Amino acid sequence: MADHVSALDAPRAIATPAAPHPLRLAWLFCRRKPLGAFGGLLVLLMIVMAVFANWIAPYSYDETIRGARMKAPGSQFWMGTDNLGRDIFSRVVYGARVSVSVGFGAVLLANFLAAVIGITSGYFGGKYDICVQRVVDAWQSFPFLVVILSIMAVLGPGLLNVILALGVLGASAGSRVIRGATIGVIQNQYIEAARAVGAGHLRIMVHYVFPNVAATIIILATIGLGAAILAESALSFLGFGVPPPYPAWGAMLSGSGRSYMYTAPWMAIWPGAAISLAVFGFNMLGDALRDLLDPRLRGSGGGRLR
Amino acid sequence: MNKYVFRRLLVAIPSLLIASLIVFTLPRLLPGDVVQLMLEEKAYGKDLDELRAKLGLDRPIYIQYWEWLGKIGRGDLGESLWTRRPVVEELLRRLPVSLELGLLALFFSILIALPIGVLAAVRQDTLSDYVARSLAILGLSVPGFWIATLVVLLPAIWWGWSPPIQFTEFAKDKWAHISQFLLPAFILGIASAAAIMRLTRAMLLEVLRQDYVRTAWAKGLREGIVVVKHSLKNAIIPVVTVMGIQIAQILGGTVIFEQIFGLPGMGRFLFDAINQRDYPVIQGVNLIIVSVVVLMNLLVDAMYAFLDPRIRY
């Protein structure tokens with residue numbers, strides 16, 4: 001189905017000099033897509049939390065507060081403390097750093113790879129296309145979590161490795177969509193014209209094809225962000241994410257803390273709520289952006305990675 | 001039809017071969033040596049080499065791959081490096097557990113997704129549509145392992161009840177066996193349900209605007225007939241494709257859910273094997289999972305021709 005998606009002129013339209021002031025554009029977005037704007041607010045909140053964690057969090061993420069083991073949420077500890085006497089609110093705030101950096105890092109890498117694979121595959125076609133697509137087929141028939149576990153076991157835990165693994169894996173599905181868009185674009189006469197004036201393959205792909213599939217790539221990226229954060233939390237939950245004591249939301253729900261959750265249920269509630277709200281925000285924003293930028297992609301997945 | 005399925009089978013073979021190569025090489029890149037892990041730190045140099053030779057890990061990797069492929073052809077997936085038990089035997093015990101969980105999850109997700117998706121499309125831009133769409137985005141956002149944790153945790157705190165963690169065999173107690181799958185399968189199916197519902201709604205909306213649907217209305221047909229027989233049937237093909245994709249996602253999800261609910265399936269087997277660098281087990285489980293996914297997708301492709309007689313390849 002994704003193969004039928006052809007590129008739009010949308011990015012051109014936005015880029016025209018007559019475009020309204022960005023603030024006015026933001027206002028229009030809020031009015032037409034209130035839910036999307038709400039999602040954007042959640043995303044903004046999360047990014048602020050990640051950037052200014054040092055100032056927002058009342059304690060350090062690994063500071064053990066004496067005599068404050070498993071304290072219930074209250075005025076001193078907003079979200080309570082965990083079994084080691086660490087302030088959960090502070091850990092949730094610092095945890096945003098992991099999610100934000102993994103989300104943006106992985107999506108950037110995934111979309112770069114997907115664009116390279118998708119555009120070349122769609123542009124050259126022929127045997128190259130067939131070979132590349134068979135590899136993509138094989139890559140896609142692995143259940144996401146199974147591959148990522150194997151890759152993480154190879155790479156070892158760590159922030160950069162999580163980004164690398166999620167980025168490489170996230171590329172395959174996106175490359176299909178971009179390939180489809182590329183095939184649509186190269187039918188156009190301006191590609192033929194560019195070739196006639198002597199533009200090389202690389203020049204055509206970078207200057208003519210890429211700008212016309214950019215809308216598709218932007219949409220894939222916004223949808224991918226929520227999925228990447230969700231995948232990171234699943235990895236952390238299984239113990240293959242960012243190593244402790246640095247807090248990742250998924251990891252806060254697993255490991256040694258699990259047995260204490262029966263006496264201190266707030267340990268299980270807040271990190272999960274943080275993941276859900278963050279991903280919810282990205283999904284809402286992504287949905288709204290997709291509706292505005294490319295209605296033809298509506299409902300075509302939001303392929304969630306578990 | 002037969003010819004079409006045959007051709008799809010032919011295309012699936014190179015994909016499976018590439019996948020098998022990935023399956024074979026990936027675990028070998030794991031840092032840390034299984035031989036060292038097995039002998040712990042007591043090993044002397046000679047013991048290491050001896051054990052490696054005994055396990056056949058000292059030969060060039062392409063020869064190992066070739067032998068492995070040959071063995072697969074004879075239905076042999078090797079034996080676990082740790083327990084020395086044949087991988088096939090262990091898999092035969094565990095595959096049904098994972099399949100039961102996965103298929104039940106898929107069943108639940110379709111059961112939830114189709115009616116709600118249809119309802120949301122037919123009542124577009126009404127309250128029920130907004131509620132359905134918001135719920136779907138929520139379903140895509142909330143991590144399954146969190147819901148699972150809460151479902152185990154909260155009833156235990158409130159009412160002192162928790163779902164059974166002890167696994168019951170089918171032969172022992174039929175109802176206990178099935179009921180232990182219901183909860184994990186339902187939660188596992190939520191995310192897939194959200195994805196399928198969204199697509200059902202979008203596809204149906206497109207079809208509902210077609211001329212022949214207007215004709216069906218004009219003929220005075222009942223709403224149920226127009227929606228289900230005339231519209232849904234024409235909207236369902238992309239939805240079936242996505243169901244095929246969801247199978248892979250659900251199988252991946254079993255890794256987490258088998259951990260939380262204590263089900264002895266393949267996911268847990270794989271998780272333990274990765275931690276122990278048990279190459280034959282990792283390869284075997286991955287190969288089976290990939291084969292199941294490829295087979296399911298083949299089934300999905302075959303269903304196209306069944307659902308839409310115009311499709312002839």
# chains A, B, ... in the order shown; residues from 1 in each chain; ligands from 1
$ residues_around --residues "Glu258 (chain B)" --least-positions-apart "2" --cutoff "12 Å" --atoms "only C-alpha atoms" --output "VMD selection string"
(chain A and resid 238) or (chain B and resid 94 97 to 102 145 148 165 to 167 180 to 181 183 to 185 188 250 to 256 260 to 272)
$ interface_residues --of "chain A" --to "chain B" --cutoff "6 Å" --atoms "only C-alpha atoms" --output "MDAnalysis selection string"
chainID A and resid 134 138 141:143 145:146 154 272 276 279:280 299
$ residues_around --residues "Met252 (chain A)" --least-positions-apart "2" --cutoff "8 Å" --atoms "only C-alpha atoms" --output "ChimeraX atom specification"
/A:237,247-250,254-255,257,267-268,271
$ residues_around --residues "Val168 (chain A)" --least-positions-apart "4" --cutoff "12 Å" --atoms "only C-alpha atoms" --output "CSV table (one decimal) with N, CA and C atoms, in the first residue's frame"
chain,number,residue,atom,x,y,z
A,105,GLY,N,17.9,10.8,18.2
A,105,GLY,CA,19.1,10.2,17.6
A,105,GLY,C,18.7,9.0,16.7
A,106,ALA,N,17.9,8.1,17.2
A,106,ALA,CA,17.5,6.9,16.4
A,106,ALA,C,16.7,7.3,15.2
A,107,VAL,N,15.8,8.3,15.3
A,107,VAL,CA,15.0,8.7,14.2
A,107,VAL,C,15.8,9.4,13.1
A,108,LEU,N,16.8,10.2,13.5
A,108,LEU,CA,17.7,10.9,12.6
A,108,LEU,C,18.4,9.8,11.8
A,109,LEU,N,19.0,8.9,12.5
A,109,LEU,CA,19.8,7.9,11.8
A,109,LEU,C,18.9,7.0,10.9
A,110,ALA,N,17.8,6.6,11.4
A,110,ALA,CA,16.9,5.7,10.7
A,110,ALA,C,16.4,6.4,9.4
A,111,ASN,N,16.1,7.7,9.5
A,111,ASN,CA,15.6,8.3,8.3
A,111,ASN,C,16.6,8.7,7.3
A,112,PHE,N,17.9,8.9,7.8
A,112,PHE,CA,19.0,9.1,6.9
A,112,PHE,C,19.2,7.8,6.1
A,113,LEU,N,19.3,6.7,6.8
A,113,LEU,CA,19.5,5.4,6.1
A,113,LEU,C,18.4,5.1,5.2
A,114,ALA,N,17.1,5.3,5.7
A,114,ALA,CA,16.0,5.0,4.8
A,114,ALA,C,16.0,5.8,3.6
A,117,ILE,N,18.7,4.4,1.2
A,117,ILE,CA,18.3,3.1,0.6
A,117,ILE,C,17.1,3.4,-0.3
A,136,VAL,N,15.7,-6.0,2.3
A,136,VAL,CA,14.7,-5.3,3.1
A,136,VAL,C,13.6,-6.3,3.6
A,139,TRP,N,15.0,-8.4,6.3
A,139,TRP,CA,15.2,-7.6,7.5
A,139,TRP,C,13.8,-7.3,8.2
A,140,GLN,N,12.8,-7.2,7.4
A,140,GLN,CA,11.5,-6.9,8.0
A,140,GLN,C,10.8,-8.1,8.5
A,144,PHE,N,10.7,-7.3,15.5
A,144,PHE,CA,11.6,-6.1,16.0
A,144,PHE,C,12.3,-6.4,17.2
A,147,VAL,N,15.2,-9.0,17.0
A,147,VAL,CA,16.5,-8.6,16.4
A,147,VAL,C,17.2,-7.6,17.3
A,148,ILE,N,16.4,-6.7,17.9
A,148,ILE,CA,17.1,-5.7,18.7
A,148,ILE,C,17.7,-6.3,19.9
A,151,ILE,N,21.0,-7.7,18.6
A,151,ILE,CA,21.9,-6.6,18.3
A,151,ILE,C,22.5,-6.0,19.6
A,152,MET,N,21.6,-5.8,20.6
A,152,MET,CA,22.0,-5.1,21.8
A,152,MET,C,23.0,-6.1,22.5
A,161,ASN,N,24.7,2.8,21.7
A,161,ASN,CA,24.4,1.6,21.1
A,161,ASN,C,22.9,1.4,20.9
A,162,VAL,N,22.1,1.9,21.9
A,162,VAL,CA,20.7,1.8,21.7
A,162,VAL,C,20.3,2.7,20.5
A,163,ILE,N,20.9,3.9,20.3
A,163,ILE,CA,20.5,4.7,19.2
A,163,ILE,C,20.9,4.0,17.9
A,164,LEU,N,22.1,3.4,17.9
A,164,LEU,CA,22.6,2.7,16.7
A,164,LEU,C,21.7,1.6,16.3
A,172,SER,N,14.3,0.1,7.8
A,172,SER,CA,13.8,-0.8,6.7
A,172,SER,C,12.4,-0.4,6.3
A,173,ALA,N,11.5,-0.2,7.2
A,173,ALA,CA,10.1,0.1,6.9
A,173,ALA,C,10.0,1.4,6.2
A,174,GLY,N,10.8,2.4,6.7
A,174,GLY,CA,10.7,3.7,6.1
A,174,GLY,C,11.3,3.7,4.7
A,175,SER,N,12.3,2.9,4.4
A,175,SER,CA,12.9,2.9,3.1
A,175,SER,C,11.9,2.5,2.0
A,228,ALA,N,10.2,5.0,18.6
A,228,ALA,CA,11.5,4.8,19.0
A,228,ALA,C,11.6,4.9,20.6
$ closest_residue --among "B:Val281, B:Val300, B:Val226, B:Ile61" --to "Val88 (chain B)" --atoms "only C-alpha atoms"
B:Val281
$ closest_residue --among "A:Gly36, A:Gly184, A:Ala214, A:Trp266" --to "Asp87 (chain A)" --atoms "only C-alpha atoms"
A:Trp266
$ select_by_dssp --residues "region 121-258 of chain B" --states "alpha helix (DSSP H)" --output "ChimeraX atom specification"
/B:121-122,127-141,144-159,174-208,211-218,223-224,233-258
$ write_last_selection --atoms "C-alpha atoms" --output "short mmCIF file (atom, residue, chain, number, x, y, z; two decimals), in the first residue's frame"
data_model
loop_
_atom_site.label_atom_id
_atom_site.label_comp_id
_atom_site.auth_asym_id
_atom_site.auth_seq_id
_atom_site.Cartn_x
_atom_site.Cartn_y
_atom_site.Cartn_z
CA ALA B 121 -15.81 5.23 9.90
CA VAL B 122 -19.59 5.02 9.59
CA LEU B 127 -18.35 11.69 19.43
CA SER B 128 -17.92 7.94 19.05
CA ASP B 129 -15.43 8.52 16.23
CA TYR B 130 -13.36 10.90 18.36
CA VAL B 131 -13.42 8.54 21.31
CA ALA B 132 -12.38 5.60 19.13
CA ARG B 133 -9.54 7.54 17.51
CA SER B 134 -8.23 8.90 20.80
CA LEU B 135 -8.36 5.43 22.33
CA ALA B 136 -6.42 4.08 19.36
CA ILE B 137 -3.65 6.65 19.76
CA LEU B 138 -3.60 5.89 23.48
CA GLY B 139 -3.34 2.17 22.70
CA LEU B 140 -0.33 2.88 20.48
CA SER B 141 1.28 4.99 23.20
CA GLY B 144 2.34 -3.16 26.96
CA PHE B 145 4.75 -4.14 29.69
CA TRP B 146 3.47 -1.30 31.84
CA ILE B 147 -0.17 -2.35 31.46
CA ALA B 148 0.91 -5.91 32.21
CA THR B 149 2.77 -4.78 35.32
CA LEU B 150 -0.22 -2.81 36.57
CA VAL B 151 -2.60 -5.68 35.86
CA VAL B 152 -0.49 -7.98 37.98
CA LEU B 153 0.19 -5.35 40.65
CA LEU B 154 -3.01 -3.41 41.29
CA PRO B 155 -5.45 -6.30 41.90
CA ALA B 156 -2.86 -7.79 44.22
CA ILE B 157 -2.80 -4.58 46.26
CA TRP B 158 -6.54 -3.90 46.19
CA TRP B 159 -8.05 -7.34 46.51
CA LYS B 174 -8.07 -27.46 30.10
CA TRP B 175 -9.70 -24.37 31.55
CA ALA B 176 -6.82 -23.33 33.73
CA HIS B 177 -4.58 -23.73 30.71
CA ILE B 178 -6.63 -21.49 28.45
CA SER B 179 -7.54 -18.93 31.07
CA GLN B 180 -3.90 -18.24 31.91
CA PHE B 181 -3.40 -17.04 28.32
CA LEU B 182 -6.41 -14.73 28.19
CA LEU B 183 -5.00 -11.80 30.12
CA PRO B 184 -1.52 -11.64 28.54
CA ALA B 185 -2.98 -12.20 25.07
CA PHE B 186 -5.50 -9.42 25.53
CA ILE B 187 -2.89 -6.90 26.66
CA LEU B 188 -0.47 -8.03 23.95
CA GLY B 189 -3.24 -7.51 21.40
CA ILE B 190 -4.10 -3.94 22.40
CA ALA B 191 -1.38 -2.24 20.39
CA SER B 192 -2.08 -4.28 17.29
CA ALA B 193 -5.78 -3.59 17.71
CA ALA B 194 -5.06 0.14 17.66
CA ALA B 195 -3.06 -0.10 14.44
CA ILE B 196 -5.64 -2.32 12.72
CA MET B 197 -8.53 -0.14 13.87
CA ARG B 198 -6.96 3.03 12.50
CA LEU B 199 -6.36 1.47 9.11
CA THR B 200 -9.82 -0.11 8.95
CA ARG B 201 -11.36 3.28 9.59
CA ALA B 202 -9.22 5.07 7.01
CA MET B 203 -9.75 2.47 4.28
CA LEU B 204 -13.49 2.21 4.90
CA LEU B 205 -13.86 6.00 4.76
CA GLU B 206 -12.35 5.96 1.30
CA VAL B 207 -14.64 3.19 0.06
CA LEU B 208 -17.78 4.72 1.60
CA ASP B 211 -20.26 5.68 -6.38
CA TYR B 212 -21.29 2.06 -6.06
CA VAL B 213 -21.84 2.57 -2.34
CA ARG B 214 -24.17 5.46 -3.14
CA THR B 215 -25.96 3.15 -5.55
CA ALA B 216 -26.29 0.55 -2.82
CA TRP B 217 -27.83 3.17 -0.53
CA ALA B 218 -30.12 4.34 -3.33
CA GLU B 223 -27.11 -0.13 6.52
CA GLY B 224 -25.57 -3.40 7.65
CA LYS B 233 -15.10 -6.24 1.69
CA ASN B 234 -13.48 -3.70 -0.62
CA ALA B 235 -11.62 -1.97 2.16
CA ILE B 236 -10.20 -5.04 3.84
CA ILE B 237 -7.15 -5.87 1.71
CA PRO B 238 -4.72 -3.28 3.14
CA VAL B 239 -6.06 -4.19 6.57
CA VAL B 240 -5.14 -7.83 6.00
CA THR B 241 -1.65 -6.71 4.95
CA VAL B 242 -1.23 -4.87 8.21
CA MET B 243 -2.45 -7.91 10.13
CA GLY B 244 0.43 -9.79 8.50
CA ILE B 245 2.87 -7.17 9.74
CA GLN B 246 1.31 -7.29 13.20
CA ILE B 247 2.08 -11.01 13.46
CA ALA B 248 5.78 -10.21 13.54
CA GLN B 249 5.23 -7.50 16.14
CA ILE B 250 3.12 -9.78 18.32
CA LEU B 251 5.70 -12.58 18.16
CA GLY B 252 8.33 -10.08 19.27
CA GLY B 253 6.09 -8.96 22.10
CA THR B 254 5.89 -12.50 23.44
CA VAL B 255 9.48 -12.09 24.68
CA ILE B 256 8.29 -9.54 27.24
CA PHE B 257 4.93 -11.08 28.06
CA GLU B 258 6.28 -14.56 28.65
#
$ atom_distance --atom1 "CA of Tyr123 (chain A)" --atom2 "CA of Ile183 (chain A)"
6.6 Å
